[in-house]
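A.B. asks: Pasting a structure here, questions to come.
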Amino acid sequence: MEKIIYTIGREFGSGGKDVGEKLAEKLGVPFYDKDLLTRAAAESGLCEEIFHMQDEKPTSSFLYSLVTDTYSFSNYHGNAYLDMPLSQKVFLAQFDTIKKIAKEGSCVIVGRCADYALSEEPHCINAFIYAGKDYRIKRVSHDLGITESKAKDLINRTDKQRASYYNFYTNKKWGDARSYDLSLNIEKIGIDGCVDMLLKYRDINK
């Protein structure tokens with residue numbers, strides 16, 4: 001099977017993770033979501049808790065210049081690395097891990113600007129999963145056992161964080177169809193429909 005990396009951006013509560021898991025299961029390839037943070041922590045020697053605390057949250061503007069110059073975690077040694085703010089070490093470690101994972105073979109990666117990190121990877125399909133706000137409110141309320149009011153607040157806050165993080169590091173717009181190969185409304189076609197569309201896209205672009 002030809003190597004293909006699938007990256008999935010998603011609105012909070014849309015079910016993008018479920019799409020990624022189902023796709024990986026169907027293809028028999030590794031799936032990476034928060035376990036990507038575990039690997040990045042292990043490979044960098046930094047505390048895993050720090051990665052989770054800063055997961056997909058916007059950080060200082062200084063890091064933007066590093067990312068746009070395509071620096072990687074491995075480029076930093078000695079005092080230059082030691083003097084970095086912790087948030088920069090975390091992002092660069094994660095950025096490097098995504099690149100390493102992609103070199104290992106086909107897989108599915110959810111979030112974490114993976115589409116940007118792999119912008120030079122020729123065998124990559126980037127998708128964004130979205131749904132109507134009411135659909136997501138009901139889903140989050142049910143899954144987390146919270147009121148719809150709290151679910152709405154959580155959705156708004158998380159989407160804002162993800163958008164700020166993505167826009168900041170990629171210089172693209174989170175959720176804009178032009179930033180991805182496919183933009184799929186899971187509310188209309190369901191998890192299986194999203195998986196099928198990703199596979200069809202793969203097949204017509206061979």
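In the structure tokens, chains take letters A, B, ... by order of appearance, with residues numbered from 1 within each chain and ligands from 1 in the order shown.
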Residues near range 200-205 of chain A, anyone? I mean within 9 Å using only C-alpha atoms, not counting same-chain ones fewer than 5 positions away, as a count of residues only.
C.D. replies: 5
A.B. asks: Please return as a ChimeraX atom specification: the residues of range 6-196 of chain A that backbone DSSP assigns to strand (DSSP E or B).
C.D. replies: /A:6-10,31-32,107-110,124-130,182-185
A.B. asks: Quick one, how far is CA of Val140 in chain A from CA of His52 in chain A?
C.D. replies: 20.0 Å
A.B. asks: I'd like to know which of A:Tyr116, A:Tyr130, A:Pro122, A:Leu154 is closest to Lys17 in chain A, using only C-alpha atoms.
C.D. replies: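 Using only C-alpha atoms, the shortest distance to Lys17 in chain A belongs to A:Tyr130.
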